[in-house]
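Q: Structure file start.csv, CSV, C-alpha atoms, is pasted below:
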```csv
chain,number,residue,atom,x,y,z
A,12,MET,CA,-19.1,14.2,7.2
A,13,THR,CA,-17.7,10.9,8.3
A,14,CYS,CA,-14.9,11.1,5.7
A,15,PRO,CA,-14.8,12.8,2.3
A,16,ALA,CA,-15.7,10.1,-0.2
A,17,ASP,CA,-12.8,11.0,-2.6
A,18,LEU,CA,-10.1,10.9,0.0
A,19,PRO,CA,-7.4,8.4,-1.0
A,20,ALA,CA,-6.5,5.6,1.3
A,21,ALA,CA,-4.1,2.7,1.8
A,22,ASP,CA,-5.6,-0.7,2.4
A,23,ILE,CA,-3.7,-2.2,5.3
A,24,LEU,CA,-5.0,-5.6,6.3
A,25,GLY,CA,-8.5,-4.6,5.2
A,26,VAL,CA,-8.5,-1.3,7.1
A,27,LEU,CA,-8.5,1.9,5.0
A,28,VAL,CA,-5.9,4.3,6.3
A,29,ARG,CA,-6.4,7.7,4.7
A,30,ARG,CA,-3.4,9.1,2.8
A,31,VAL,CA,-3.4,12.5,4.4
A,32,SER,CA,-0.6,14.5,6.2
A,33,PHE,CA,-0.9,16.0,9.6
A,34,GLU,CA,-1.6,19.4,8.1
A,35,GLU,CA,-4.2,18.1,5.8
A,36,THR,CA,-5.9,16.5,8.7
A,37,ILE,CA,-6.0,19.8,10.6
A,38,VAL,CA,-7.5,21.5,7.5
A,39,LEU,CA,-10.3,18.9,7.3
A,40,CYS,CA,-11.0,19.6,11.0
A,41,GLN,CA,-11.2,23.3,10.5
A,42,GLN,CA,-13.5,22.9,7.4
A,43,ALA,CA,-15.9,20.7,9.4
A,44,ILE,CA,-16.1,23.3,12.2
A,45,GLU,CA,-16.5,26.3,9.9
A,46,GLU,CA,-19.1,24.5,7.8
A,47,ASP,CA,-21.0,23.1,10.8
A,48,ASP,CA,-20.4,19.6,9.5
A,49,LYS,CA,-19.6,16.3,11.4
A,50,LEU,CA,-16.2,14.6,11.3
A,51,GLN,CA,-15.0,11.6,13.2
A,52,ILE,CA,-11.2,11.0,13.4
A,53,THR,CA,-9.7,7.6,14.4
A,54,THR,CA,-5.9,7.4,15.0
A,55,CYS,CA,-5.0,4.0,13.8
A,56,ASN,CA,-2.1,1.8,15.1
A,57,LEU,CA,-1.4,-1.9,15.4
A,58,ASP,CA,-3.8,-2.2,18.3
A,59,PHE,CA,-6.6,-0.9,16.0
A,60,LEU,CA,-5.7,-3.2,13.2
A,61,GLN,CA,-5.7,-6.3,15.5
A,62,LYS,CA,-9.1,-5.4,17.0
A,63,ALA,CA,-10.5,-4.6,13.6
A,64,ARG,CA,-9.4,-8.0,12.3
A,65,ALA,CA,-11.4,-9.6,15.1
A,66,ASN,CA,-14.4,-7.3,15.0
A,67,ARG,CA,-16.1,-6.6,11.6
A,68,ASP,CA,-18.2,-3.8,13.0
A,69,TYR,CA,-15.0,-2.0,14.1
A,70,GLN,CA,-13.4,-2.5,10.8
A,71,GLU,CA,-16.4,-1.0,9.0
A,72,LEU,CA,-16.4,2.0,11.5
A,73,LEU,CA,-12.7,2.7,10.8
A,74,ASN,CA,-13.3,2.5,7.1
A,75,ARG,CA,-15.9,5.2,7.1
A,76,THR,CA,-14.0,7.7,9.4
A,77,LEU,CA,-11.1,9.9,8.8
A,78,ASN,CA,-8.8,7.1,9.9
A,79,VAL,CA,-5.2,8.4,10.1
A,80,ALA,CA,-1.9,6.6,10.6
A,81,ASP,CA,-0.8,7.1,14.2
A,82,GLY,CA,1.5,4.1,14.3
A,83,VAL,CA,4.8,4.2,12.5
A,84,PRO,CA,4.5,0.4,11.5
A,85,LEU,CA,1.6,1.4,9.4
A,86,ILE,CA,3.8,3.8,7.4
A,87,TRP,CA,6.3,1.0,6.9
A,88,ALA,CA,3.5,-1.4,5.8
A,89,SER,CA,2.1,1.0,3.4
A,90,LYS,CA,5.4,1.3,1.6
A,91,LEU,CA,5.7,-2.5,1.4
A,92,LEU,CA,2.2,-2.7,0.0
A,93,LYS,CA,3.1,0.0,-2.6
A,94,GLN,CA,0.5,2.3,-1.1
A,95,PRO,CA,2.7,4.8,0.7
A,96,LEU,CA,1.3,7.0,3.4
A,97,PRO,CA,2.6,10.6,3.6
A,98,GLY,CA,3.7,10.3,7.3
A,99,ARG,CA,2.5,9.8,10.8
A,100,VAL,CA,-0.5,11.7,12.1
A,101,ASN,CA,-0.3,11.5,15.9
A,102,GLY,CA,-3.4,11.8,18.0
A,103,THR,CA,-1.7,13.8,20.8
A,104,ASP,CA,-0.4,16.2,18.2
A,105,ILE,CA,-3.9,16.6,16.8
A,106,LEU,CA,-5.3,17.3,20.2
A,107,GLU,CA,-2.6,19.9,21.0
A,108,ARG,CA,-2.9,21.7,17.6
A,109,LEU,CA,-6.7,21.8,17.7
A,110,CYS,CA,-6.7,23.2,21.3
A,111,GLN,CA,-4.2,25.9,20.2
A,112,MET,CA,-6.5,26.8,17.3
A,113,ALA,CA,-9.5,26.7,19.5
A,114,ALA,CA,-8.0,29.3,21.8
A,115,ASP,CA,-7.3,31.6,18.9
A,116,LYS,CA,-10.6,31.1,17.1
A,117,GLY,CA,-13.0,30.8,20.0
A,118,TRP,CA,-13.9,27.2,19.5
A,119,ARG,CA,-15.1,25.2,22.5
A,120,VAL,CA,-13.5,21.9,23.5
A,121,TYR,CA,-14.8,19.1,25.6
A,122,LEU,CA,-12.7,16.2,27.1
A,123,LEU,CA,-14.8,13.1,27.9
A,124,GLY,CA,-13.4,10.1,29.7
A,125,ALA,CA,-10.2,9.1,31.6
A,126,MET,CA,-10.1,9.2,35.4
A,127,PRO,CA,-11.7,12.4,36.8
A,128,ASP,CA,-8.4,13.6,38.2
A,129,VAL,CA,-6.6,13.0,34.9
A,130,ASN,CA,-9.4,14.7,33.0
A,131,GLN,CA,-9.1,17.8,35.3
A,132,ALA,CA,-5.3,17.9,35.2
A,133,ALA,CA,-5.4,17.8,31.4
A,134,ARG,CA,-7.9,20.7,31.3
A,135,ASP,CA,-5.7,22.7,33.7
A,136,ARG,CA,-2.6,22.1,31.7
A,137,LEU,CA,-4.2,22.9,28.3
A,138,THR,CA,-5.8,26.1,29.7
A,139,GLU,CA,-2.4,27.2,31.0
A,140,ARG,CA,-0.7,26.3,27.7
A,141,TYR,CA,-3.3,28.0,25.6
A,142,PRO,CA,-4.7,31.1,27.3
A,143,GLY,CA,-8.3,31.8,26.4
A,144,LEU,CA,-9.1,28.2,25.7
A,145,GLN,CA,-12.8,27.4,26.5
A,146,ILE,CA,-12.5,23.8,27.7
A,147,TYR,CA,-14.9,21.6,29.6
A,148,GLY,CA,-14.7,18.0,30.7
A,149,HIS,CA,-16.1,15.0,32.6
A,150,GLY,CA,-14.7,11.7,33.5
A,151,PRO,CA,-17.7,9.4,34.1
A,152,GLN,CA,-17.9,5.6,34.1
A,153,ILE,CA,-19.1,4.7,30.7
A,154,GLU,CA,-20.6,1.4,29.6
A,155,LEU,CA,-21.5,1.1,25.9
A,156,THR,CA,-24.3,-1.3,26.6
A,157,ASP,CA,-26.2,1.3,28.7
A,158,ASP,CA,-27.8,3.4,26.0
A,159,GLU,CA,-29.9,5.5,28.3
A,160,ALA,CA,-26.9,6.5,30.5
A,161,ASN,CA,-24.9,7.3,27.4
A,162,ARG,CA,-27.6,9.5,26.0
A,163,ALA,CA,-27.7,11.3,29.3
A,164,ILE,CA,-23.9,11.8,29.1
A,165,ALA,CA,-24.1,13.0,25.5
A,166,THR,CA,-26.9,15.5,26.4
A,167,GLU,CA,-24.8,16.8,29.3
A,168,VAL,CA,-21.9,17.3,26.9
A,169,ALA,CA,-24.2,19.1,24.5
A,170,LYS,CA,-24.9,21.8,27.2
A,171,ALA,CA,-21.3,23.0,26.8
A,172,LYS,CA,-21.9,23.5,23.0
A,173,PRO,CA,-18.6,21.9,22.0
A,174,ASP,CA,-17.1,22.4,18.6
A,175,ILE,CA,-14.5,19.7,19.3
A,176,LEU,CA,-14.9,16.5,21.4
A,177,PHE,CA,-12.1,14.3,22.6
A,178,VAL,CA,-13.1,10.9,24.1
A,179,ALA,CA,-10.6,8.9,26.2
A,180,LEU,CA,-12.1,5.5,26.7
A,181,GLY,CA,-9.6,3.4,24.8
A,182,ALA,CA,-10.2,1.7,21.5
A,183,PRO,CA,-12.6,0.5,20.3
A,184,ARG,CA,-15.0,1.8,23.0
A,185,GLN,CA,-14.2,5.5,22.4
A,186,ASP,CA,-14.7,5.1,18.6
A,187,PHE,CA,-18.0,3.3,19.0
A,188,TRP,CA,-19.2,5.9,21.5
A,189,ILE,CA,-18.4,8.7,19.1
A,190,ASP,CA,-20.1,6.9,16.2
A,191,ARG,CA,-23.3,6.5,18.2
A,192,TYR,CA,-23.5,9.7,20.2
A,193,GLN,CA,-21.5,12.5,18.4
A,194,ALA,CA,-24.6,13.9,16.7
A,195,LEU,CA,-26.3,14.1,20.1
A,196,THR,CA,-23.4,16.1,21.6
A,197,GLY,CA,-23.5,18.6,18.8
A,198,ALA,CA,-19.7,18.4,18.3
A,199,LYS,CA,-18.5,19.1,14.8
A,200,VAL,CA,-15.2,17.2,15.2
A,201,ALA,CA,-14.8,14.2,17.5
A,202,MET,CA,-11.7,12.0,18.1
A,203,GLY,CA,-10.9,9.1,20.3
A,204,CYS,CA,-7.8,10.1,22.1
A,205,GLY,CA,-6.9,7.0,24.1
A,206,GLY,CA,-4.0,7.6,26.4
A,207,ALA,CA,-3.4,11.1,25.2
A,208,LEU,CA,-4.9,12.6,28.3
A,209,ASP,CA,-2.5,10.7,30.4
A,210,ILE,CA,0.3,12.5,28.6
A,211,VAL,CA,-1.3,15.9,28.4
A,212,SER,CA,-2.1,15.7,32.2
A,213,GLY,CA,1.5,14.9,33.1
A,214,LEU,CA,0.7,11.4,34.4
A,215,TYR,CA,3.1,10.0,31.8
A,216,LYS,CA,5.9,11.7,29.9
A,217,ARG,CA,6.0,11.7,26.1
A,218,ALA,CA,9.0,10.3,24.3
A,219,PRO,CA,11.7,12.7,23.1
A,220,LEU,CA,11.2,14.1,19.7
A,221,TRP,CA,14.0,12.0,18.1
A,222,MET,CA,12.3,8.8,19.3
A,223,GLN,CA,8.9,9.9,18.0
A,224,ARG,CA,10.4,10.6,14.6
A,225,ASN,CA,12.2,7.3,14.4
A,226,GLY,CA,9.2,5.1,15.4
A,227,LEU,CA,10.5,4.4,18.9
A,228,GLU,CA,7.8,6.0,21.0
A,229,TRP,CA,6.5,2.6,21.8
A,230,LEU,CA,9.8,1.7,23.4
A,231,TYR,CA,9.7,4.8,25.6
A,232,ARG,CA,6.1,4.0,26.7
A,233,LEU,CA,7.2,0.5,27.5
A,234,THR,CA,9.8,1.8,30.0
A,235,GLN,CA,7.1,3.6,31.8
A,236,GLN,CA,4.4,0.9,31.8
A,237,PRO,CA,6.3,-2.4,31.3
A,238,GLY,CA,3.9,-4.7,33.2
A,239,TYR,CA,0.9,-3.4,31.3
A,240,LEU,CA,2.4,-3.0,27.8
A,241,TRP,CA,5.0,-5.7,27.0
A,242,LYS,CA,2.5,-8.6,26.4
A,243,ARG,CA,0.2,-6.3,24.4
A,244,TYR,CA,3.1,-5.1,22.2
A,245,LEU,CA,4.4,-8.6,21.6
A,246,SER,CA,0.9,-9.8,20.6
A,247,GLN,CA,0.5,-6.9,18.2
A,248,ALA,CA,3.9,-7.4,16.6
A,249,VAL,CA,3.3,-11.2,16.0
A,250,PHE,CA,-0.2,-10.5,14.6
A,251,PHE,CA,1.0,-7.7,12.4
A,252,PHE,CA,4.0,-9.4,10.7
A,253,ARG,CA,2.1,-12.7,10.3
A,254,VAL,CA,-0.9,-11.1,8.6
A,255,LEU,CA,1.3,-8.6,6.6
A,256,LEU,CA,3.4,-11.5,5.2
A,257,GLN,CA,0.2,-13.3,4.2
A,258,SER,CA,-1.0,-10.1,2.4
A,259,LEU,CA,2.2,-9.6,0.6
A,260,SER,CA,2.2,-13.3,-0.5
A,261,LEU,CA,-1.3,-13.1,-1.8
A,262,ARG,CA,-0.4,-9.9,-3.7
A,263,ARG,CA,2.6,-11.6,-5.3
A,264,ARG,CA,0.6,-14.6,-6.3
A,265,SER,CA,-2.1,-12.4,-7.8
A,266,ARG,CA,0.5,-10.5,-9.8
A,267,ASP,CA,2.2,-13.7,-11.0
A,268,THR,CA,-1.1,-15.1,-12.4
A,269,HIS,CA,-1.9,-12.0,-14.5
```
What does this structure look like when you write it as structure tokens?

A:
Amino acid sequence: MTCPADLPAADILGVLVRRVSFEETIVLCQQAIEEDDKLQITTCNLDFLQKARANRDYQELLNRTLNVADGVPLIWASKLLKQPLPGRVNGTDILERLCQMAADKGWRVYLLGAMPDVNQAARDRLTERYPGLQIYGHGPQIELTDDEANRAIATEVAKAKPDILFVALGAPRQDFWIDRYQALTGAKVAMGCGGALDIVSGLYKRAPLWMQRNGLEWLYRLTQQPGYLWKRYLSQAVFFFRVLLQSLSLRRRSRDTH
């Protein structure tokens, strides 16, 4: 189950972002686990849109997954494009909720990627937060071009018999890895979680709730990693508004000619 075929989506710059709420996303995850299906989740933001614009393979991957709106600018864009999304579906929140449910229901969780100490710290914190959680992990060096090594990693993951797999390699590597090797791991639900393990492990703090709700989480992250993030955020903002304005202009012209 890459994504239910009848699930509505907003088309934002050629990327299909599914019109589902956070709770609906969790229900789809639970269904995949209970029905022994396969579901890949991607948590879309401006970075994903920019990379999909430059990489057709990545665009096609996002369009066949349960691609949810993690970035608040996507919510704003969907309203401008008259295809409103119900709200933000944040990847860290998905990870936390699924781990909570896993502890209650006996599901097994695997964390793949991030630095080994970050991976271990995230597991320790999640186990402390959700007693009874069966969680495993590994932080190996992963190169997408080495199929033999990746198959060995996926086979190792499979030994833990995970129901849920979180892969922290950064986009788009984590999403391509899941697309290619999820079946081999045996995981029913798999999601690229990017920097979520940095937050869960305590390496970085998450923005206060009021900033999350008002689309300002990016600003809080910028204060923690200014050297790394400011150029990236500026590039994404310029790209997004330029292409969005082009899309709105084309829609207006199309409407005026009919």

Q: Compile the contact shell of Ala63 (chain A) as a list in words: residues with an atom at most 9 Å away, counting only C-alpha atoms, same-chain residues fewer than 6 positions apart removed.

A: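 The neighbour list is Gly25, Val26, Tyr69, Gln70, Glu71, Leu73 and Pro183 of chain A.
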
Q: In Å to one decimal, how far is CA of Ala21 (chain A) from CA of Leu180 (chain A)?

A: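 So the two atoms, CA of Leu180 (chain A) and CA of Ala21 (chain A), lie 26.3 Å apart.
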
Q: May I have the residues within 12 Å of Leu137 (chain A) as a ChimeraX atom specification, using all atoms listed in the file and disregarding those fewer than 5 positions away in the same chain?

A: /A:106-114,120-122,130-132,142-148,208,210-213

Q: Can you pull out every residue within 8 Å of region 155-166 of chain A, counting all atoms listed in the file, but drop anything in the same chain fewer than 2 positions away, and send it as a PDB file with C-alpha atoms, in the coordinates of the input?

A:
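Here's the written file out12.pdb:
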```pdb
ATOM      1  CA  ILE A 153     -19.100   4.700  30.700  1.00  0.00           C
ATOM      2  CA  VAL A 168     -21.900  17.300  26.900  1.00  0.00           C
ATOM      3  CA  ALA A 169     -24.200  19.100  24.500  1.00  0.00           C
ATOM      4  CA  LYS A 170     -24.900  21.800  27.200  1.00  0.00           C
ATOM      5  CA  ARG A 184     -15.000   1.800  23.000  1.00  0.00           C
ATOM      6  CA  TRP A 188     -19.200   5.900  21.500  1.00  0.00           C
ATOM      7  CA  TYR A 192     -23.500   9.700  20.200  1.00  0.00           C
ATOM      8  CA  GLN A 193     -21.500  12.500  18.400  1.00  0.00           C
ATOM      9  CA  LEU A 195     -26.300  14.100  20.100  1.00  0.00           C
ATOM     10  CA  THR A 196     -23.400  16.100  21.600  1.00  0.00           C
TER      11      THR A 196
END
```

Q: For CA of Lys216 (chain A) and CA of Asp104 (chain A), determine how far apart the two atoms are, in Å to one decimal place.

A: 14.0 Å

Q: How would you write as a PyMOL selection string the residues that get within 10 Å of (-10.4, 9.1, 31.2) in the file's frame, counting all atoms listed in the file?

A: chain A and resi 122-131+148-153+178-181+204-209

Q: For region 28-46 of chain A, which lacks atoms in the input, supply N, CA and C atoms and format the output as a short mmCIF file (atom, residue, chain, number, x, y, z; two decimals), in the frame of the given file.

A:
```
data_model
loop_
_atom_site.label_atom_id
_atom_site.label_comp_id
_atom_site.auth_asym_id
_atom_site.auth_seq_id
_atom_site.Cartn_x
_atom_site.Cartn_y
_atom_site.Cartn_z
N VAL A 28 -6.65 3.29 5.63
CA VAL A 28 -5.90 4.30 6.30
C VAL A 28 -5.76 5.49 5.35
N ARG A 29 -6.32 6.63 5.70
CA ARG A 29 -6.40 7.70 4.70
C ARG A 29 -4.99 8.33 4.48
N ARG A 30 -4.75 8.60 3.22
CA ARG A 30 -3.40 9.10 2.80
C ARG A 30 -3.41 10.63 2.91
N VAL A 31 -3.41 11.08 4.14
CA VAL A 31 -3.40 12.50 4.40
C VAL A 31 -2.24 12.82 5.37
N SER A 32 -1.70 14.01 5.26
CA SER A 32 -0.60 14.50 6.20
C SER A 32 -1.27 15.04 7.43
N PHE A 33 -0.44 15.36 8.38
CA PHE A 33 -0.90 16.00 9.60
C PHE A 33 -1.62 17.31 9.28
N GLU A 34 -0.98 18.14 8.47
CA GLU A 34 -1.60 19.40 8.10
C GLU A 34 -2.87 19.32 7.38
N GLU A 35 -2.96 18.34 6.49
CA GLU A 35 -4.20 18.10 5.80
C GLU A 35 -5.32 17.68 6.71
N THR A 36 -4.96 16.90 7.72
CA THR A 36 -5.90 16.50 8.70
C THR A 36 -6.49 17.69 9.47
N ILE A 37 -5.61 18.59 9.86
CA ILE A 37 -6.00 19.80 10.60
C ILE A 37 -6.94 20.65 9.71
N VAL A 38 -6.62 20.76 8.43
CA VAL A 38 -7.50 21.50 7.50
C VAL A 38 -8.87 20.93 7.43
N LEU A 39 -8.95 19.62 7.35
CA LEU A 39 -10.30 18.90 7.30
C LEU A 39 -11.06 19.22 8.59
N CYS A 40 -10.38 19.25 9.72
CA CYS A 40 -11.00 19.60 11.00
C CYS A 40 -11.59 20.99 10.96
N GLN A 41 -10.76 21.92 10.51
CA GLN A 41 -11.20 23.30 10.50
C GLN A 41 -12.39 23.49 9.52
N GLN A 42 -12.35 22.80 8.39
CA GLN A 42 -13.50 22.90 7.40
C GLN A 42 -14.76 22.37 8.08
N ALA A 43 -14.67 21.26 8.80
CA ALA A 43 -15.90 20.70 9.40
C ALA A 43 -16.46 21.65 10.45
N ILE A 44 -15.60 22.32 11.21
CA ILE A 44 -16.10 23.30 12.20
C ILE A 44 -16.70 24.49 11.56
N GLU A 45 -16.01 25.04 10.58
CA GLU A 45 -16.50 26.30 9.90
C GLU A 45 -17.74 26.04 9.09
N GLU A 46 -17.89 24.81 8.58
CA GLU A 46 -19.10 24.50 7.80
C GLU A 46 -20.17 23.80 8.55
#
```
